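Q: Sharing coords-v5.csv below, CSV, C-alpha atoms:
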chain,number,residue,atom,x,y,z
A,20,MET,CA,0.0,0.0,0.0
A,21,THR,CA,1.4,3.4,-0.9
A,22,THR,CA,0.8,6.2,1.4
A,23,SER,CA,1.4,9.8,0.3
A,24,LEU,CA,4.0,11.8,2.2
A,25,ILE,CA,2.9,14.0,5.0
A,26,PRO,CA,3.6,17.6,4.3
A,27,ALA,CA,5.7,19.5,6.9
A,28,THR,CA,6.0,23.2,7.4
A,29,ILE,CA,8.8,24.9,9.4
A,30,LEU,CA,7.6,28.0,11.2
A,31,THR,CA,10.5,30.3,12.3
A,32,GLY,CA,11.0,33.9,13.4
A,33,PHE,CA,12.7,35.8,16.1
A,34,LEU,CA,11.5,35.9,19.7
A,35,GLY,CA,8.3,37.8,20.0
A,36,SER,CA,7.6,37.8,16.2
A,37,GLY,CA,4.2,36.2,16.7
A,38,LYS,CA,4.9,32.6,15.7
A,39,THR,CA,2.7,31.3,18.5
A,40,THR,CA,-0.1,33.8,17.6
A,41,LEU,CA,0.0,32.6,14.0
A,42,LEU,CA,0.1,29.0,15.2
A,43,LYS,CA,-2.9,29.4,17.5
A,44,ARG,CA,-4.8,31.0,14.6
A,45,VAL,CA,-4.0,28.1,12.3
A,46,LEU,CA,-4.9,25.5,14.8
A,47,THR,CA,-8.2,27.0,15.9
A,48,GLU,CA,-9.4,28.0,12.4
A,49,ALA,CA,-12.2,25.8,11.2
A,50,HIS,CA,-10.3,24.3,8.2
A,51,GLY,CA,-11.1,20.7,9.1
A,52,GLN,CA,-7.5,19.7,8.9
A,53,LYS,CA,-5.8,17.7,11.5
A,54,ILE,CA,-2.4,19.1,12.2
A,55,ALA,CA,0.4,17.9,14.4
A,56,VAL,CA,2.5,20.6,15.9
A,57,ILE,CA,6.0,20.0,17.1
A,58,GLU,CA,7.4,22.8,19.2
A,59,ASN,CA,10.7,23.3,20.9
A,60,GLU,CA,9.7,23.5,24.5
A,61,PHE,CA,11.8,26.4,25.5
A,62,GLY,CA,9.8,28.6,23.3
A,63,GLU,CA,8.9,32.1,24.5
A,64,GLU,CA,5.3,31.2,25.2
A,65,ASN,CA,3.9,27.7,24.9
A,66,ILE,CA,0.8,27.1,22.9
A,67,ASP,CA,-0.6,24.7,25.4
A,68,ASN,CA,-2.7,26.5,27.9
A,69,ASP,CA,-5.9,27.6,26.2
A,70,ILE,CA,-6.4,25.1,23.4
A,71,LEU,CA,-5.3,21.8,24.9
A,72,VAL,CA,-7.7,19.4,26.3
A,73,ALA,CA,-5.5,18.3,29.2
A,74,ASP,CA,-2.0,19.2,30.5
A,75,THR,CA,-0.3,15.8,30.9
A,76,GLN,CA,3.2,14.6,31.2
A,77,GLU,CA,2.7,12.8,27.9
A,78,GLN,CA,4.8,14.0,25.1
A,79,ILE,CA,2.0,14.0,22.6
A,80,ILE,CA,-1.2,15.8,23.6
A,81,GLN,CA,-4.5,15.8,21.7
A,82,MET,CA,-6.1,19.2,21.3
A,83,SER,CA,-9.8,20.1,21.5
A,84,ASN,CA,-10.1,20.4,17.7
A,85,GLY,CA,-8.4,17.1,17.0
A,86,CYS,CA,-5.0,18.5,16.4
A,87,ILE,CA,-2.0,17.1,18.2
A,88,CYS,CA,0.8,18.9,20.0
A,89,CYS,CA,4.1,17.6,21.1
A,90,THR,CA,7.2,19.2,22.5
A,91,ILE,CA,10.6,18.0,21.5
A,92,ARG,CA,12.4,16.5,24.4
A,93,GLU,CA,14.8,14.6,22.2
A,94,ASP,CA,15.8,15.3,18.7
A,95,LEU,CA,13.5,16.2,15.9
A,96,ARG,CA,14.3,13.1,13.9
A,97,ALA,CA,13.1,10.8,16.7
A,98,THR,CA,10.0,12.9,17.2
A,99,LEU,CA,9.0,12.7,13.5
A,100,ALA,CA,9.7,9.0,13.4
A,101,ASP,CA,7.5,8.5,16.4
A,102,LEU,CA,4.7,10.5,15.0
A,103,ALA,CA,4.8,8.6,11.6
A,104,GLU,CA,4.9,5.3,13.4
A,105,LYS,CA,1.8,6.2,15.6
A,106,ARG,CA,0.0,7.4,12.5
A,107,ARG,CA,0.8,4.1,10.6
A,108,LYS,CA,-0.6,2.1,13.6
A,109,GLY,CA,-3.7,4.2,13.6
A,110,GLU,CA,-3.0,5.6,17.1
A,111,LEU,CA,-2.8,9.2,15.8
A,112,ASP,CA,-4.7,10.9,13.1
A,113,PHE,CA,-3.1,13.9,11.4
A,114,GLU,CA,-2.6,15.2,7.9
A,115,ARG,CA,0.3,17.6,8.2
A,116,VAL,CA,3.0,18.7,10.6
A,117,VAL,CA,4.1,22.2,11.6
A,118,ILE,CA,7.4,22.5,13.4
A,119,GLU,CA,7.8,25.7,15.4
A,120,THR,CA,11.5,26.4,16.0
A,121,THR,CA,12.8,28.4,18.9
A,122,GLY,CA,13.3,32.1,18.2
A,123,VAL,CA,17.1,31.8,17.9
A,124,ALA,CA,17.1,28.6,15.8
A,125,ASP,CA,18.8,28.3,12.4
A,126,PRO,CA,16.2,26.6,10.2
A,127,GLY,CA,18.9,25.0,8.1
A,128,PRO,CA,19.5,21.8,10.1
A,129,VAL,CA,15.8,21.4,10.6
A,130,ALA,CA,15.2,21.5,6.9
A,131,GLN,CA,18.1,19.2,6.2
A,132,THR,CA,16.6,16.5,8.5
A,133,PHE,CA,13.9,15.9,5.8
A,134,PHE,CA,16.6,15.2,3.1
A,135,ILE,CA,19.3,13.5,5.1
A,136,ASP,CA,17.4,11.0,7.1
A,137,ASP,CA,15.9,8.1,5.1
A,138,GLU,CA,13.3,7.3,7.7
A,139,VAL,CA,12.0,10.8,7.9
A,140,ALA,CA,12.1,11.2,4.1
A,141,ALA,CA,10.1,8.0,3.7
A,142,SER,CA,7.2,9.6,5.6
A,143,PHE,CA,7.4,13.3,5.3
A,144,GLN,CA,7.9,15.9,2.6
A,145,LEU,CA,9.1,19.4,3.6
A,146,ASP,CA,6.7,21.9,2.1
A,147,SER,CA,8.1,25.2,3.1
A,148,ILE,CA,9.8,27.4,5.6
A,149,ILE,CA,7.8,30.4,6.8
A,150,THR,CA,9.5,33.2,8.6
A,151,LEU,CA,7.8,35.8,10.8
A,152,VAL,CA,9.4,39.2,11.2
A,153,ASP,CA,8.4,41.6,13.9
A,154,ALA,CA,8.1,45.1,12.2
A,155,LYS,CA,8.9,47.0,15.3
A,156,HIS,CA,12.2,45.2,16.3
A,157,ALA,CA,13.2,43.8,12.9
A,158,HIS,CA,16.0,46.2,12.0
A,159,GLN,CA,17.7,45.9,15.4
A,160,GLN,CA,17.4,42.1,15.2
A,161,LEU,CA,18.6,41.9,11.7
A,162,ASP,CA,21.5,44.2,12.6
A,163,THR,CA,22.6,42.3,15.6
A,164,ARG,CA,21.6,38.7,15.2
A,165,GLN,CA,22.8,36.5,12.4
A,166,GLU,CA,20.0,33.9,13.2
A,167,ALA,CA,17.4,36.5,12.3
A,168,ARG,CA,19.1,37.2,9.0
A,169,ARG,CA,19.4,33.5,8.3
A,170,GLN,CA,15.7,33.0,9.0
A,171,ALA,CA,14.9,35.7,6.4
A,172,GLY,CA,17.3,34.1,3.9
A,173,PHE,CA,15.8,30.6,4.3
A,174,ALA,CA,12.2,31.6,3.9
A,175,ASP,CA,9.8,30.5,1.2
A,176,ARG,CA,7.4,33.1,2.5
A,177,ILE,CA,7.9,36.0,4.9
A,178,PHE,CA,5.1,37.5,7.1
A,179,ILE,CA,5.7,40.9,8.7
A,180,SER,CA,3.8,41.1,12.1
A,181,LYS,CA,3.1,44.1,14.3
A,182,ALA,CA,2.9,46.4,11.3
A,183,ASP,CA,0.4,48.5,13.3
A,184,LEU,CA,3.2,49.6,15.6
A,185,VAL,CA,5.2,51.3,12.9
A,186,THR,CA,4.6,53.6,9.9
A,187,PRO,CA,3.9,52.5,6.3
A,188,ASN,CA,7.3,54.0,5.4
A,189,ASP,CA,9.0,51.8,8.0
A,190,ILE,CA,7.3,48.8,6.4
A,191,GLU,CA,8.5,49.8,3.0
A,192,VAL,CA,12.0,50.1,4.2
A,193,LEU,CA,11.9,46.8,5.9
A,194,THR,CA,10.4,45.1,2.9
A,195,HIS,CA,13.1,46.5,0.7
A,196,ARG,CA,15.8,45.2,3.0
A,197,LEU,CA,14.2,41.7,3.2
A,198,ARG,CA,13.9,41.6,-0.6
A,199,HIS,CA,17.6,42.1,-1.0
A,200,MET,CA,18.3,39.2,1.4
A,201,ASN,CA,15.7,37.0,-0.2
A,202,PRO,CA,14.1,37.9,-3.6
A,203,ARG,CA,12.4,34.4,-3.7
A,204,ALA,CA,10.0,34.9,-0.8
A,205,PRO,CA,6.8,36.8,-1.2
A,206,ILE,CA,6.5,39.3,1.7
A,207,GLU,CA,3.2,40.3,3.3
A,208,GLY,CA,1.6,41.4,6.5
A,209,ALA,CA,0.2,39.2,9.2
A,210,HIS,CA,-2.1,41.2,11.5
A,211,PHE,CA,-2.4,39.3,14.8
A,212,GLY,CA,-1.8,36.0,13.0
A,213,GLU,CA,-4.8,36.5,10.7
A,214,VAL,CA,-3.4,34.7,7.7
A,215,PRO,CA,-5.4,32.6,5.3
A,216,ILE,CA,-4.5,29.0,5.6
A,217,ALA,CA,-3.8,28.8,1.9
A,218,LYS,CA,-0.8,31.2,2.4
A,219,VAL,CA,0.7,29.0,5.1
A,220,PHE,CA,0.2,25.4,3.7
A,221,ASP,CA,1.0,23.7,0.4
A,222,LEU,CA,3.4,26.4,-0.8
A,223,LYS,CA,5.6,23.7,-2.4
A,224,GLY,CA,8.7,25.7,-1.6
A,225,PHE,CA,11.0,22.7,-1.9
A,226,ASN,CA,9.4,21.2,-4.9
A,227,LEU,CA,11.6,20.9,-7.9
A,228,ASN,CA,9.2,22.9,-10.1
A,229,ALA,CA,10.1,24.7,-13.3
A,230,LYS,CA,9.1,28.1,-11.9
A,231,LEU,CA,11.7,30.3,-10.3
A,232,ASP,CA,9.9,33.1,-8.6
A,233,ILE,CA,12.2,36.1,-8.0
A,234,ASP,CA,10.7,39.4,-6.9
A,235,PRO,CA,10.2,41.3,-10.1
A,236,ASP,CA,11.4,44.6,-8.6
A,237,PHE,CA,14.6,42.9,-7.7
A,238,LEU,CA,15.1,41.8,-11.3
A,239,LYS,CA,14.1,45.2,-12.6
A,240,ALA,CA,16.7,46.9,-10.4
A,241,GLU,CA,19.3,44.5,-11.7
A,242,ASP,CA,18.5,45.0,-15.4
A,243,HIS,CA,18.6,48.7,-14.9
A,244,ALA,CA,22.0,48.4,-13.2
A,245,HIS,CA,23.4,46.2,-15.9
A,246,ASP,CA,22.2,47.8,-19.2
A,247,HIS,CA,25.9,48.1,-20.0
A,248,ASP,CA,26.8,44.4,-20.1
A,249,HIS,CA,24.2,43.0,-22.4
A,250,ASP,CA,26.9,42.4,-25.0
A,251,HIS,CA,27.9,39.3,-23.0
A,252,GLY,CA,24.4,38.0,-23.8
A,253,HIS,CA,23.6,37.8,-20.1
A,254,THR,CA,23.2,39.9,-17.0
A,255,HIS,CA,24.1,39.0,-13.5
A,256,GLY,CA,23.1,40.5,-10.2
A,257,HIS,CA,25.2,42.8,-8.0
A,258,ASP,CA,25.0,43.1,-4.2
A,259,HIS,CA,22.8,45.9,-5.1
A,260,HIS,CA,21.5,46.5,-1.7
A,261,ASP,CA,24.6,48.5,-1.2
A,262,HIS,CA,23.6,50.9,-4.0
A,263,GLU,CA,27.1,52.2,-4.4
A,264,HIS,CA,26.3,53.4,-7.9
A,265,GLY,CA,23.2,55.1,-6.7
A,266,GLU,CA,21.7,54.2,-10.0
A,267,HIS,CA,19.1,51.7,-9.2
A,268,CYS,CA,17.6,52.4,-5.9
A,269,ASP,CA,14.6,54.6,-6.0
A,270,HIS,CA,14.2,54.6,-2.2
A,271,PRO,CA,16.0,57.7,-1.0
A,272,HIS,CA,14.9,56.9,2.5
A,273,HIS,CA,16.5,53.4,2.4
A,274,HIS,CA,19.0,53.1,5.2
A,275,HIS,CA,22.3,51.5,4.5
A,276,HIS,CA,22.3,48.0,5.8
A,277,ASP,CA,25.2,45.9,4.7
A,278,ASP,CA,23.7,42.6,5.7
A,279,ASP,CA,25.8,39.5,5.4
A,280,VAL,CA,22.9,37.5,4.1
A,281,LYS,CA,22.7,38.5,0.5
A,282,SER,CA,21.2,37.2,-2.7
A,283,PHE,CA,22.1,37.5,-6.3
A,284,VAL,CA,20.8,36.2,-9.6
A,285,PHE,CA,22.7,34.7,-12.5
A,286,ARG,CA,21.1,34.6,-15.9
A,287,ALA,CA,22.5,33.4,-19.2
A,288,ASP,CA,21.2,32.9,-22.7
A,289,ARG,CA,24.0,30.5,-23.7
A,290,PRO,CA,23.5,26.9,-22.6
A,291,PHE,CA,25.5,25.3,-19.8
A,292,HIS,CA,27.9,22.5,-20.4
A,293,ALA,CA,26.5,19.8,-18.1
A,294,GLU,CA,29.7,18.2,-16.8
A,295,ARG,CA,31.5,21.5,-16.3
A,296,LEU,CA,28.5,22.9,-14.4
A,297,GLU,CA,28.2,19.8,-12.2
A,298,ASP,CA,31.9,19.9,-11.3
A,299,PHE,CA,31.8,23.6,-10.5
A,300,LEU,CA,28.6,23.5,-8.4
A,301,GLY,CA,29.9,20.4,-6.6
A,302,SER,CA,33.1,22.1,-5.6
A,303,ILE,CA,31.3,25.3,-4.6
A,304,VAL,CA,29.0,23.4,-2.4
A,305,GLN,CA,31.9,21.6,-0.8
A,306,VAL,CA,33.6,24.8,0.1
A,307,TYR,CA,30.8,27.2,0.8
A,308,GLY,CA,27.9,24.9,1.6
A,309,PRO,CA,27.5,26.0,5.3
A,310,LYS,CA,27.1,29.6,4.1
A,311,MET,CA,24.7,28.7,1.3
A,312,LEU,CA,21.2,29.0,2.7
A,313,ARG,CA,18.9,28.4,-0.3
A,314,TYR,CA,19.7,28.3,-4.0
A,315,LYS,CA,17.6,27.3,-7.0
A,316,GLY,CA,17.8,27.4,-10.7
A,317,VAL,CA,16.0,26.6,-13.9
A,318,LEU,CA,18.7,25.7,-16.4
A,319,TYR,CA,19.2,25.6,-20.1
A,320,MET,CA,21.6,22.7,-20.8
A,321,LYS,CA,23.4,22.0,-24.0
A,322,GLY,CA,22.0,18.9,-25.8
A,323,HIS,CA,18.9,18.8,-23.5
A,324,GLU,CA,15.5,19.5,-24.8
A,325,ARG,CA,14.1,19.7,-21.3
A,326,LYS,CA,14.7,22.2,-18.6
A,327,VAL,CA,16.9,21.1,-15.7
A,328,ILE,CA,15.8,22.2,-12.3
A,329,PHE,CA,18.1,22.3,-9.3
A,330,GLN,CA,17.9,23.5,-5.8
A,331,GLY,CA,19.8,23.2,-2.5
A,332,VAL,CA,20.0,23.9,1.2
A,333,HIS,CA,23.5,24.2,2.5
A,334,GLN,CA,25.6,21.3,1.2
A,335,LEU,CA,22.5,19.3,0.0
A,336,MET,CA,21.8,19.8,-3.7
A,337,GLY,CA,19.3,18.0,-5.9
A,338,SER,CA,18.3,18.3,-9.5
A,339,ASP,CA,15.7,16.9,-11.8
A,340,LEU,CA,14.5,17.1,-15.4
A,341,GLY,CA,11.7,19.5,-15.9
A,342,PRO,CA,9.3,20.0,-18.8
A,343,LYS,CA,10.5,20.5,-22.4
A,344,TRP,CA,11.2,24.0,-23.5
A,345,ALA,CA,8.0,25.1,-25.3
A,346,ALA,CA,8.1,26.1,-28.9
A,347,GLY,CA,9.1,29.7,-29.2
A,348,GLU,CA,10.0,29.9,-25.5
A,349,LYS,CA,13.3,31.8,-24.9
A,350,LYS,CA,15.8,29.3,-23.6
A,351,GLN,CA,17.6,30.9,-20.7
A,352,SER,CA,19.2,29.8,-17.4
A,353,LYS,CA,18.1,31.7,-14.3
A,354,MET,CA,19.6,31.0,-10.9
A,355,VAL,CA,19.2,32.6,-7.5
A,356,PHE,CA,21.7,32.2,-4.6
A,357,ILE,CA,21.0,33.3,-1.1
A,358,GLY,CA,23.8,33.0,1.4
A,359,ILE,CA,26.1,34.5,4.0
A,360,ASP,CA,29.0,36.5,2.5
A,361,LEU,CA,29.1,34.3,-0.6
A,362,PRO,CA,32.0,35.2,-3.0
A,363,ARG,CA,29.8,36.7,-5.7
A,364,ASP,CA,32.6,37.2,-8.2
A,365,ILE,CA,34.0,33.6,-7.9
A,366,LEU,CA,30.5,32.2,-8.3
A,367,LEU,CA,29.6,34.4,-11.3
A,368,GLN,CA,32.9,33.9,-13.1
A,369,GLY,CA,32.7,30.2,-12.4
A,370,LEU,CA,29.2,29.9,-13.8
A,371,GLU,CA,30.2,31.9,-16.8
A,372,GLN,CA,33.0,29.5,-17.5
A,373,CYS,CA,30.5,26.6,-17.4
A,374,LEU,CA,28.6,28.0,-20.4
A,375,SER,CA,29.3,26.3,-23.7
Write the structure described by the file as structure tokens, please.
A:
Amino acid sequence: MTTSLIPATILTGFLGSGKTTLLKRVLTEAHGQKIAVIENEFGEENIDNDILVADTQEQIIQMSNGCICCTIREDLRATLADLAEKRRKGELDFERVVIETTGVADPGPVAQTFFIDDEVAASFQLDSIITLVDAKHAHQQLDTRQEARRQAGFADRIFISKADLVTPNDIEVLTHRLRHMNPRAPIEGAHFGEVPIAKVFDLKGFNLNAKLDIDPDFLKAEDHAHDHDHDHGHTHGHDHHDHEHGEHCDHPHHHHHDDDVKSFVFRADRPFHAERLEDFLGSIVQVYGPKMLRYKGVLYMKGHERKVIFQGVHQLMGSDLGPKWAAGEKKQSKMVFIGIDLPRDILLQGLEQCLS
């Protein structure tokens, strides 16, 4: 009998960003889904009190609406394996899992669990990483805490909470800053956790799909900044949140934040040479893997009539054949890299040398 994989969502965000509020909202909303929540028990406020049936010493507690809550007293892998086992035996009934990380956690190792561990991978599929950012304290947290910057870089979707405590201009500046760290993740407000369930679940952030969503403003800024190098037949992104040239930032009020989590995009119209690219990416991941948060690409490969899709988290990289290039579709490779102090020039030159 084949059972489909259980989707898992990682919910992250700095202390006080409203993860628990969002979680309560998701759990109490009448969506008819049975959700298992795994939370790190030294969270800033536990979800338990008002929506649990009984406070027991049991690690897994049934909630009043049929959801399940468990705190991690050992490692995540063991907890997930335990949940999957109980579900197989019919002792627990749930359709998806939400993992709430502690405020200071790096979501990377949590995400990797779903790919490294065979037992976990046999039962669960990581759907997405959702990051909550507290509008009032975000700049200070992003300035002083690398974990906060990593959480932004890893996200498939970013929700800004507590927007009512700051001005619309503050939100614009914060959104602008987050976009430069992560042009992949849609950014929107979450007012007191009021977020439609469709924006939290089934985002398919880790699916190898042929679509690479990069914030269009980010790409526009890039093209504007690189009108001069089209003679190479490609453009590639600069660390343009620095705005040294002052030519492509139309936000005069944007404060200078030289964040170590940066993103850049590589695009090329010439096809990649498969072996060369594989060797290059392999060596880059060996050296810089720990600093590479998320990376993804839809690639035009020499001799292939289908798109090649690849993505990775830290040192883990996977690729797959996508659909055929449609008749008349412009064949172009597009890649986005999000990481900590990545050597942009080495990466861009290296990718350039992999083109045939």
Q: Taking all atoms listed in the file into account, name the residue in A:Asp234, A:Arg325, A:Gly51, A:Gly369 that is nearest to Glu297 in chain A.
A: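 Using all atoms listed in the file, the shortest distance to Glu297 in chain A belongs to A:Gly369.
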Q: Under the rule that all atoms listed in the file are counted, which of A:Asp137, A:Asp153, A:Asp125, A:Asp232 is the nearest residue to Phe173 in chain A?
A: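 So, comparing all the options, the nearest one is A:Asp125.
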Q: Smallest atom-to-atom distance to Asp278 in chain A: which of A:Gly172, A:Gly122, A:Pro290, A:Pro205, using only C-alpha atoms?
A: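 Looking at the shortest contact to Asp278 in chain A, the residue is A:Gly172.
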Q: What lies within 9 Å of Lys223 in chain A using only C-alpha atoms, ignoring chain neighbours under 5 positions off, as a list of chain:residue names?
A: A:Leu145, A:Asp146, A:Ser147, A:Asp175, A:Asn228
Q: Kindly give the distance, in Å, that separates CA of Thr90 in chain A and CA of Ile54 in chain A, rounded to a single decimal.
A: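 Value for the CA of Thr90 in chain A-CA of Ile54 in chain A distance: 14.1 Å.
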Q: Calculated over only C-alpha atoms, which of the candidates A:Phe133, A:Tyr314, A:Phe178, A:Trp344 has the smallest distance to Ile190 in chain A?
A: A:Phe178
Q: Report, in Å to a single decimal, how far apart CA of Ser352 in chain A and CA of Asp279 in chain A are.
A: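 Computed distance, CA of Asp279 in chain A to CA of Ser352 in chain A, equals 25.6 Å.
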Q: Between CA of Glu213 in chain A and CA of Val152 in chain A, measure the distance and give it in Å to one decimal.
A: 14.5 Å
Q: Can you work out which one of A:Ile179, A:Val327, A:Leu102, A:Val284 has the shortest atom-to-atom distance to Pro202 in chain A, counting only C-alpha atoms?
A: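 The shortest atom-to-atom distance to Pro202 in chain A comes from A:Val284.
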Q: With only C-alpha atoms as the counted atoms, please give the residues lying no more than 12 Å from Ser338 in chain A, apart from itself and same-chain residues fewer than 2 positions off, as a list in words.
A: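 In the requested form, the answer reads Phe225, Asn226, Leu227, Asn228, Ala229, Ala293, Glu297, Leu300, Tyr314, Lys315, Gly316, Val317, Leu318, Lys326, Val327, Ile328, Phe329, Gln330, Gly331, Leu335, Met336, Leu340 and Gly341 of chain A.
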Q: Select, from A:Val185, A:Leu99, A:Ile91, A:Leu197, the residue with the minimum atom-to-atom distance to Lys281 in chain A, counting only C-alpha atoms.
A: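 Nearest candidate to Lys281 in chain A out of A:Val185, A:Leu99, A:Ile91, A:Leu197: A:Leu197.
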Q: Can you find the residues with an atom no farther than 6 Å from (26.1, 28.9, -18.4), counting all atoms listed in the file, and report them as a list in words?
A: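 Output of the proximity query reads Ala287, Arg289, Pro290, Phe291, Leu370, Glu371, Cys373 and Leu374 of chain A.
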Q: Can you find the residues with an atom no farther than 12 Å from (10.0, 24.8, -27.1), counting only C-alpha atoms, and report them as a list in words?
A: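 Residues lying no farther than 12 Å from the given point: Tyr319, His323, Glu324, Arg325, Lys326, Pro342, Lys343, Trp344, Ala345, Ala346, Gly347, Glu348, Lys349, Lys350 and Gln351 of chain A.
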Q: Print the selection's residues with C-alpha atoms to a file, as an mmCIF file, in the frame of the given file.
A:
data_model
loop_
_atom_site.group_PDB
_atom_site.id
_atom_site.type_symbol
_atom_site.label_atom_id
_atom_site.label_comp_id
_atom_site.auth_asym_id
_atom_site.auth_seq_id
_atom_site.Cartn_x
_atom_site.Cartn_y
_atom_site.Cartn_z
ATOM 1 C CA TYR A 319 19.200 25.600 -20.100
ATOM 2 C CA HIS A 323 18.900 18.800 -23.500
ATOM 3 C CA GLU A 324 15.500 19.500 -24.800
ATOM 4 C CA ARG A 325 14.100 19.700 -21.300
ATOM 5 C CA LYS A 326 14.700 22.200 -18.600
ATOM 6 C CA PRO A 342 9.300 20.000 -18.800
ATOM 7 C CA LYS A 343 10.500 20.500 -22.400
ATOM 8 C CA TRP A 344 11.200 24.000 -23.500
ATOM 9 C CA ALA A 345 8.000 25.100 -25.300
ATOM 10 C CA ALA A 346 8.100 26.100 -28.900
ATOM 11 C CA GLY A 347 9.100 29.700 -29.200
ATOM 12 C CA GLU A 348 10.000 29.900 -25.500
ATOM 13 C CA LYS A 349 13.300 31.800 -24.900
ATOM 14 C CA LYS A 350 15.800 29.300 -23.600
ATOM 15 C CA GLN A 351 17.600 30.900 -20.700
#
Q: Excluding Gln305 in chain A and residues on its chain fewer than 6 positions from it, collect all residues at most 10 Å away from it, counting only C-alpha atoms, and give them as a PyMOL selection string.
A: chain A and resi 299+333-335
Q: Excluding Leu184 in chain A and any residue of its chain fewer than 3 positions from it, enumerate the residues within 10 Å of it, using only C-alpha atoms, and give them as number ranges by chain.
A: A: 153-155, 180-181, 187, 189
